[in-house]
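Undergrad: Before anything else, here's the structure in question.
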Amino acid sequence: MVAIAAIALVVACDKGGDEVEKLPNLKLSVEIENITTTTAKVKITHSLEADNAWYGFVTNDTTSDAKTLVNEAIAAGVDEAELHRSKQYITILEELAPDTAYRYIATGVTAEGVQYGEITAVEFKTLKDAGNQEEEYNGMRRNDAWEVIYVGKDVLDDVEYDHVIRVISRDNNPYAITLVYADAYDPYQLRDLAEAMLIDYKGYLAEYNDRYGTSFSFGDMLYTGNGADAFDLDPGTYRALAVGYTPEGEVSGLYSVSEEFEVEEQMASPNYAAWLGEWEIEGQNGAKNTVKITQQHANRSFLLSGWEGFDDLEIVVEYSAELDAMFFYSQLVAEEYDFGEEYGKAKIYLFAGDEEGYYYDNADGDYYIAIAGILDGGQRAIVRYGVNVPGYPKFTQMFFMAEIDGKLYTLSPEDDVPSFIAAMN
């Protein structure tokens, strides 16, 4: 028998037939969800008053009469703290054995140890451990029940994407989908990858729930059964992975990996090619910059140089083929930019400034600063991003910042940096 408390307060189970008959006919509803190899989620509800005490436990004895098991549990000693008085209760059963049949048994039990009402017993079976014992690396085992496939162009939720990863799953162990460059794939580093992903996921979840007032759990971010995700990929050779996690936010130790696949460079479309060349950007404040736009990855991204007059600093700019527009975002521009003997080497960032005088860096994620889109007659313009997005900053400028000895310095006077809305010709 698993997880039955045998603690100090031992109570008798026979208090006389007359007293038992006066107790309400409590009937508990038990649902078992999110079953994995070693855990299961249990939801218990009833329709009577909340102060009706009840007791529940899990057992791997699936043959004995439930009434007998309840009597044995009570006789072994039920601590009053183990009695529940809530009309709705959720618990996670842990440390179960894989591929094993269990029953969760619940019934009314008074503080004096009297069983009353109906006994509810629900049987379930944990998932088979599909981990390949012969392929274990630093505590991570290949899950033969997951097949990870790069399918390329595909449709997800009625939207077509260029790079889709699908996972065919023959079990219900939860997982997340990610990918790495093929030459960086090392099975002995999988545990570190899984732990790093876990930190990122939890941080994103906390930020999302805080920003939007939601209450999504970690388990809501995971796939169970078949799953698919789309990625925005630069040319290169990759491997896709399914990495296992528990709904409570722990690394499960399971993984699966795809074969290597290559993403090739595309031919530049006419719309994309039309952006290449020199442009003059004139801000609302009258400041002008001449910039040069060159190809980074066709139909996906550009490199922009000449901002604030720095021809040797290149900003990565995203391109949307659907909108035929460029997106500027906060980023690390240069890891070591040499300012010479006076200042030495510095990290250079592209920051964003809003209309209230605050600036934003990319420490907590890349902020989209501005969009350059087509106007009537083919003329183009930079407009500030997020005007119609509640809670998003309304940016009016983007500018370089140098980090030297832990301090940040602007590279140009504010009046020399074009402000939005800005004409781009």
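Ligands are numbered from 1 in the order shown, residues from 1 within each chain, and chains are lettered A, B, ... in the order they appear in the structure tokens.
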Give one line per residue of segment 91-205 of chain A that approaches segment 26-36 of chain A to at most 10 Å, naming the two atoms of the closest pair and their distance in Å to one decimal, counting only C-alpha atoms; sort by chain then ascending residue number and deliver it as a Markdown table.

TA:
```
| residue | atom | partner | partner_atom | distance |
| --- | --- | --- | --- | --- |
| A:Thr91 | CA | A:Ile32 | CA | 10.0 |
| A:Ile92 | CA | A:Asn34 | CA | 9.4 |
| A:Leu93 | CA | A:Ile35 | CA | 9.4 |
| A:Glu94 | CA | A:Thr36 | CA | 9.7 |
| A:Leu96 | CA | A:Thr36 | CA | 9.1 |
| A:Ala97 | CA | A:Thr36 | CA | 9.8 |
| A:Pro98 | CA | A:Thr36 | CA | 8.0 |
| A:Asp99 | CA | A:Thr36 | CA | 9.3 |
| A:Arg103 | CA | A:Ile32 | CA | 9.9 |
| A:Tyr104 | CA | A:Val30 | CA | 8.0 |
| A:Ile105 | CA | A:Val30 | CA | 8.5 |
| A:Ala106 | CA | A:Leu28 | CA | 6.9 |
| A:Thr107 | CA | A:Leu28 | CA | 6.8 |
| A:Gly108 | CA | A:Leu26 | CA | 6.3 |
| A:Val109 | CA | A:Leu26 | CA | 9.7 |
| A:Tyr116 | CA | A:Leu26 | CA | 7.1 |
| A:Gly117 | CA | A:Leu26 | CA | 4.3 |
| A:Glu118 | CA | A:Lys27 | CA | 5.3 |
| A:Ile119 | CA | A:Lys27 | CA | 7.3 |
| A:Thr120 | CA | A:Leu28 | CA | 6.3 |
| A:Ala121 | CA | A:Val30 | CA | 7.8 |
| A:Val122 | CA | A:Val30 | CA | 6.8 |
| A:Glu123 | CA | A:Ile32 | CA | 8.6 |
| A:Phe124 | CA | A:Ile32 | CA | 7.4 |
| A:Lys125 | CA | A:Ile35 | CA | 7.9 |
| A:Thr126 | CA | A:Thr36 | CA | 5.8 |
| A:Leu127 | CA | A:Thr36 | CA | 5.4 |
| A:Lys128 | CA | A:Thr36 | CA | 8.4 |
| A:Asp129 | CA | A:Thr36 | CA | 8.9 |
| A:Asp171 | CA | A:Thr36 | CA | 8.4 |
| A:Asn172 | CA | A:Thr36 | CA | 6.3 |
| A:Asn173 | CA | A:Thr36 | CA | 5.3 |
| A:Pro174 | CA | A:Thr36 | CA | 7.9 |
```

Undergrad: What's the 12 Å shell around Pro187 of chain A, counting only C-alpha atoms, without same-chain residues fewer than 5 positions away, as a PDB file with N, CA and C atoms, in the first residue's frame?

TA:
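result-v2.pdb, freshly written:
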```
ATOM      1  N   GLU A 135      20.660   3.785 -23.771  1.00  0.00           N
ATOM      2  CA  GLU A 135      21.075   5.113 -24.226  1.00  0.00           C
ATOM      3  C   GLU A 135      20.767   6.134 -23.142  1.00  0.00           C
ATOM      4  N   GLU A 136      21.577   6.137 -22.115  1.00  0.00           N
ATOM      5  CA  GLU A 136      21.428   7.083 -21.014  1.00  0.00           C
ATOM      6  C   GLU A 136      22.677   7.945 -20.934  1.00  0.00           C
ATOM      7  N   TYR A 137      22.448   9.272 -20.890  1.00  0.00           N
ATOM      8  CA  TYR A 137      23.550  10.211 -20.857  1.00  0.00           C
ATOM      9  C   TYR A 137      23.303  11.210 -19.727  1.00  0.00           C
ATOM     10  N   ASN A 138      24.130  11.122 -18.701  1.00  0.00           N
ATOM     11  CA  ASN A 138      24.047  12.085 -17.602  1.00  0.00           C
ATOM     12  C   ASN A 138      22.622  12.186 -17.058  1.00  0.00           C
ATOM     13  N   GLY A 139      21.969  11.043 -16.892  1.00  0.00           N
ATOM     14  CA  GLY A 139      20.623  11.021 -16.326  1.00  0.00           C
ATOM     15  C   GLY A 139      19.510  11.259 -17.320  1.00  0.00           C
ATOM     16  N   MET A 140      19.817  11.412 -18.605  1.00  0.00           N
ATOM     17  CA  MET A 140      18.793  11.588 -19.639  1.00  0.00           C
ATOM     18  C   MET A 140      18.732  10.309 -20.487  1.00  0.00           C
ATOM     19  N   ARG A 141      17.520   9.758 -20.633  1.00  0.00           N
ATOM     20  CA  ARG A 141      17.345   8.515 -21.382  1.00  0.00           C
ATOM     21  C   ARG A 141      16.460   8.750 -22.601  1.00  0.00           C
ATOM     22  N   ARG A 142      16.867   8.163 -23.722  1.00  0.00           N
ATOM     23  CA  ARG A 142      16.084   8.317 -24.944  1.00  0.00           C
ATOM     24  C   ARG A 142      14.743   7.620 -24.790  1.00  0.00           C
ATOM     25  N   VAL A 180      18.674  22.496 -31.824  1.00  0.00           N
ATOM     26  CA  VAL A 180      20.043  22.983 -31.678  1.00  0.00           C
ATOM     27  C   VAL A 180      20.736  22.829 -33.019  1.00  0.00           C
ATOM     28  N   ALA A 182      23.327  21.280 -35.417  1.00  0.00           N
ATOM     29  CA  ALA A 182      23.771  19.886 -35.418  1.00  0.00           C
ATOM     30  C   ALA A 182      25.173  19.729 -34.850  1.00  0.00           C
ATOM     31  N   ASP A 192      22.072  19.647 -19.090  1.00  0.00           N
ATOM     32  CA  ASP A 192      22.291  21.091 -18.963  1.00  0.00           C
ATOM     33  C   ASP A 192      21.315  21.852 -19.852  1.00  0.00           C
ATOM     34  N   LEU A 193      21.073  21.348 -21.067  1.00  0.00           N
ATOM     35  CA  LEU A 193      20.118  21.991 -21.965  1.00  0.00           C
ATOM     36  C   LEU A 193      18.723  21.987 -21.355  1.00  0.00           C
ATOM     37  N   ALA A 194      18.318  20.842 -20.809  1.00  0.00           N
ATOM     38  CA  ALA A 194      16.984  20.733 -20.207  1.00  0.00           C
ATOM     39  C   ALA A 194      16.833  21.684 -19.023  1.00  0.00           C
ATOM     40  N   ARG A 239      19.314  19.792 -35.403  1.00  0.00           N
ATOM     41  CA  ARG A 239      18.606  18.631 -34.854  1.00  0.00           C
ATOM     42  C   ARG A 239      17.469  19.163 -33.981  1.00  0.00           C
ATOM     43  N   LEU A 241      14.594  18.407 -30.922  1.00  0.00           N
ATOM     44  CA  LEU A 241      14.508  17.553 -29.730  1.00  0.00           C
ATOM     45  C   LEU A 241      13.164  17.684 -29.043  1.00  0.00           C
ATOM     46  N   VAL A 243      12.086  17.284 -25.182  1.00  0.00           N
ATOM     47  CA  VAL A 243      12.718  17.224 -23.861  1.00  0.00           C
ATOM     48  C   VAL A 243      11.615  17.070 -22.822  1.00  0.00           C
ATOM     49  N   LEU A 254      13.647  12.274 -19.736  1.00  0.00           N
ATOM     50  CA  LEU A 254      13.388  11.654 -21.035  1.00  0.00           C
ATOM     51  C   LEU A 254      13.690  12.644 -22.159  1.00  0.00           C
ATOM     52  N   TYR A 255      14.121  12.106 -23.294  1.00  0.00           N
ATOM     53  CA  TYR A 255      14.351  12.955 -24.462  1.00  0.00           C
ATOM     54  C   TYR A 255      14.248  12.098 -25.719  1.00  0.00           C
ATOM     55  N   SER A 256      14.118  12.778 -26.851  1.00  0.00           N
ATOM     56  CA  SER A 256      14.228  12.142 -28.157  1.00  0.00           C
ATOM     57  C   SER A 256      14.758  13.184 -29.125  1.00  0.00           C
ATOM     58  N   VAL A 257      15.475  12.741 -30.139  1.00  0.00           N
ATOM     59  CA  VAL A 257      16.147  13.674 -31.048  1.00  0.00           C
ATOM     60  C   VAL A 257      15.910  13.250 -32.486  1.00  0.00           C
TER      61      VAL A 257
END
```

Undergrad: Using only C-alpha atoms, which residue out of A:Tyr349, A:Tyr272, A:Tyr343, A:Phe328 lies closest to Ile369 of chain A?

TA: A:Phe328

Undergrad: Output as an mmCIF file with N, CA and C atoms, in the first residue's frame all residues of segment 207-318 of chain A that backbone DSSP marks as helix (DSSP H, G or I).

TA:
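New file part-v7.cif:
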```cif
data_model
loop_
_atom_site.group_PDB
_atom_site.id
_atom_site.type_symbol
_atom_site.label_atom_id
_atom_site.label_comp_id
_atom_site.auth_asym_id
_atom_site.auth_seq_id
_atom_site.Cartn_x
_atom_site.Cartn_y
_atom_site.Cartn_z
ATOM 1 N N GLU A 207 6.465 35.932 -16.104
ATOM 2 C CA GLU A 207 6.305 37.249 -16.711
ATOM 3 C C GLU A 207 4.967 37.355 -17.434
ATOM 4 N N TYR A 208 4.588 36.289 -18.136
ATOM 5 C CA TYR A 208 3.323 36.308 -18.889
ATOM 6 C C TYR A 208 2.126 36.405 -17.943
ATOM 7 N N ASN A 209 2.127 35.574 -16.900
ATOM 8 C CA ASN A 209 1.009 35.610 -15.944
ATOM 9 C C ASN A 209 0.923 36.956 -15.243
ATOM 10 N N ASP A 210 2.082 37.542 -14.919
ATOM 11 C CA ASP A 210 2.086 38.846 -14.251
ATOM 12 C C ASP A 210 1.594 39.944 -15.182
ATOM 13 N N ARG A 211 1.993 39.884 -16.436
ATOM 14 C CA ARG A 211 1.637 40.953 -17.380
ATOM 15 C C ARG A 211 0.164 40.897 -17.753
ATOM 16 N N TYR A 212 -0.380 39.692 -17.939
ATOM 17 C CA TYR A 212 -1.743 39.566 -18.453
ATOM 18 C C TYR A 212 -2.759 39.112 -17.406
ATOM 19 N N PHE A 218 2.812 25.497 -15.247
ATOM 20 C CA PHE A 218 3.917 25.007 -16.078
ATOM 21 C C PHE A 218 3.428 23.899 -16.999
ATOM 22 N N GLY A 219 2.548 23.050 -16.492
ATOM 23 C CA GLY A 219 2.030 21.963 -17.314
ATOM 24 C C GLY A 219 1.287 22.445 -18.543
ATOM 25 N N ASP A 220 0.717 23.659 -18.470
ATOM 26 C CA ASP A 220 -0.009 24.208 -19.628
ATOM 27 C C ASP A 220 0.925 24.517 -20.789
ATOM 28 N N MET A 221 2.234 24.631 -20.519
ATOM 29 C CA MET A 221 3.191 24.957 -21.567
ATOM 30 C C MET A 221 3.705 23.720 -22.298
ATOM 31 N N PRO A 270 11.539 39.770 -55.137
ATOM 32 C CA PRO A 270 11.642 41.160 -55.604
ATOM 33 C C PRO A 270 11.351 42.174 -54.503
ATOM 34 N N ASN A 271 10.356 41.922 -53.660
ATOM 35 C CA ASN A 271 10.030 42.863 -52.578
ATOM 36 C C ASN A 271 11.177 42.984 -51.584
ATOM 37 N N TYR A 272 11.763 41.819 -51.232
ATOM 38 C CA TYR A 272 12.905 41.836 -50.313
ATOM 39 C C TYR A 272 14.068 42.600 -50.934
ATOM 40 N N ALA A 273 14.385 42.303 -52.191
ATOM 41 C CA ALA A 273 15.525 42.929 -52.861
ATOM 42 C C ALA A 273 15.355 44.434 -52.986
ATOM 43 N N TRP A 307 23.794 53.691 -38.837
ATOM 44 C CA TRP A 307 22.956 54.358 -37.838
ATOM 45 C C TRP A 307 23.843 55.183 -36.914
ATOM 46 N N GLU A 308 23.443 56.409 -36.672
ATOM 47 C CA GLU A 308 24.225 57.379 -35.891
ATOM 48 C C GLU A 308 25.607 57.613 -36.505
ATOM 49 N N GLY A 309 25.760 57.293 -37.807
ATOM 50 C CA GLY A 309 27.028 57.525 -38.487
ATOM 51 C C GLY A 309 28.055 56.428 -38.315
#
```

Undergrad: What residues in segment 246-350 of chain A get the DSSP label strand (DSSP E or B)? Please answer as JSON, numbers by chain.

TA: {"A": [251, 252, 253, 254, 255, 256, 257, 261, 262, 263, 277, 278, 279, 280, 281, 282, 288, 289, 290, 291, 292, 293, 294, 295, 296, 297, 301, 302, 303, 304, 305, 314, 315, 316, 317, 318, 319, 320, 325, 326, 327, 328, 329, 331, 332, 333, 334, 335, 336, 337, 338, 345, 346, 347, 348, 349, 350]}

Undergrad: Under the rule that only C-alpha atoms are counted, which of A:Phe327, A:Tyr392, A:Gly373, A:Met401 is the nearest residue to Asp354 of chain A?

TA: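 Counting only C-alpha atoms, the residue closest to Asp354 of chain A is A:Tyr392.
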
Undergrad: Calculated over only C-alpha atoms, which of the candidates A:Ser330, A:Thr178, A:Ser419, A:Thr396 has the smallest distance to Asn289 of chain A?

TA: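 Smallest distance to Asn289 of chain A is found for A:Ser419.
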
Undergrad: Using only C-alpha atoms, find the one residue out of A:Asn299, A:Asp79, A:Ile374, A:Lys347 that sits nearest to Gly406 of chain A.

TA: A:Lys347

Undergrad: Skip Leu332 of chain A itself and residues of its chain fewer than 6 positions away, then list as a PyMOL selection string all residues within 12 Å of it, counting only C-alpha atoms.

TA: chain A and resi 313-316+346-351+361-363+365-367+399-403

Undergrad: Name the residues in contact with Asp232 of chain A at a cut-off of 10 Å, using only C-alpha atoms, excluding same-chain residues fewer than 5 positions from it; report them as a PyMOL selection string.

TA: chain A and resi 161-164+300

Undergrad: Within 8 Å of Val263 of chain A, counting only C-alpha atoms, which residues show up once you throw out same-chain ones fewer than 3 positions away? Write them as a PyMOL selection string, please.

TA: chain A and resi 233-238

Undergrad: Can you tell me, as a list in words, what residues are no more than 12 Å from Met197 of chain A when counting only C-alpha atoms, ignoring any on the same chain fewer than 5 positions away?

TA: Tyr175, Ala176, Ile177, Thr178, Leu179, Leu190, Arg191, Asp192, Lys202, Gly203, Tyr204, Leu241, Ala242, Val243, Gly244, Tyr245, Gly249, Glu250 and Val251 of chain A

Undergrad: How about saving the chosen residues, C-alpha atoms kept, as a CSV table (one decimal), in the first residue's frame?

TA:
```csv
chain,number,residue,atom,x,y,z
A,175,TYR,CA,7.5,17.3,-23.2
A,176,ALA,CA,8.7,20.6,-24.8
A,177,ILE,CA,10.1,21.0,-28.3
A,178,THR,CA,13.4,22.7,-29.1
A,179,LEU,CA,16.3,22.5,-31.5
A,190,LEU,CA,21.3,17.2,-22.7
A,191,ARG,CA,20.8,17.6,-18.9
A,192,ASP,CA,22.3,21.1,-19.0
A,202,LYS,CA,9.5,29.4,-15.8
A,203,GLY,CA,10.7,32.9,-16.3
A,204,TYR,CA,8.6,33.4,-19.3
A,241,LEU,CA,14.5,17.6,-29.7
A,242,ALA,CA,11.6,16.6,-27.5
A,243,VAL,CA,12.7,17.2,-23.9
A,244,GLY,CA,10.6,15.7,-21.1
A,245,TYR,CA,9.3,17.7,-18.0
A,249,GLY,CA,8.2,21.8,-13.5
A,250,GLU,CA,11.0,19.3,-13.1
A,251,VAL,CA,13.2,17.6,-15.7
```

Undergrad: Kindly indicate which residue among A:Leu323, A:Ala101, A:Val58, A:Ala184 lies nearest to Val42 of chain A, using only C-alpha atoms for the distances.

TA: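 The shortest atom-to-atom distance to Val42 of chain A comes from A:Val58.
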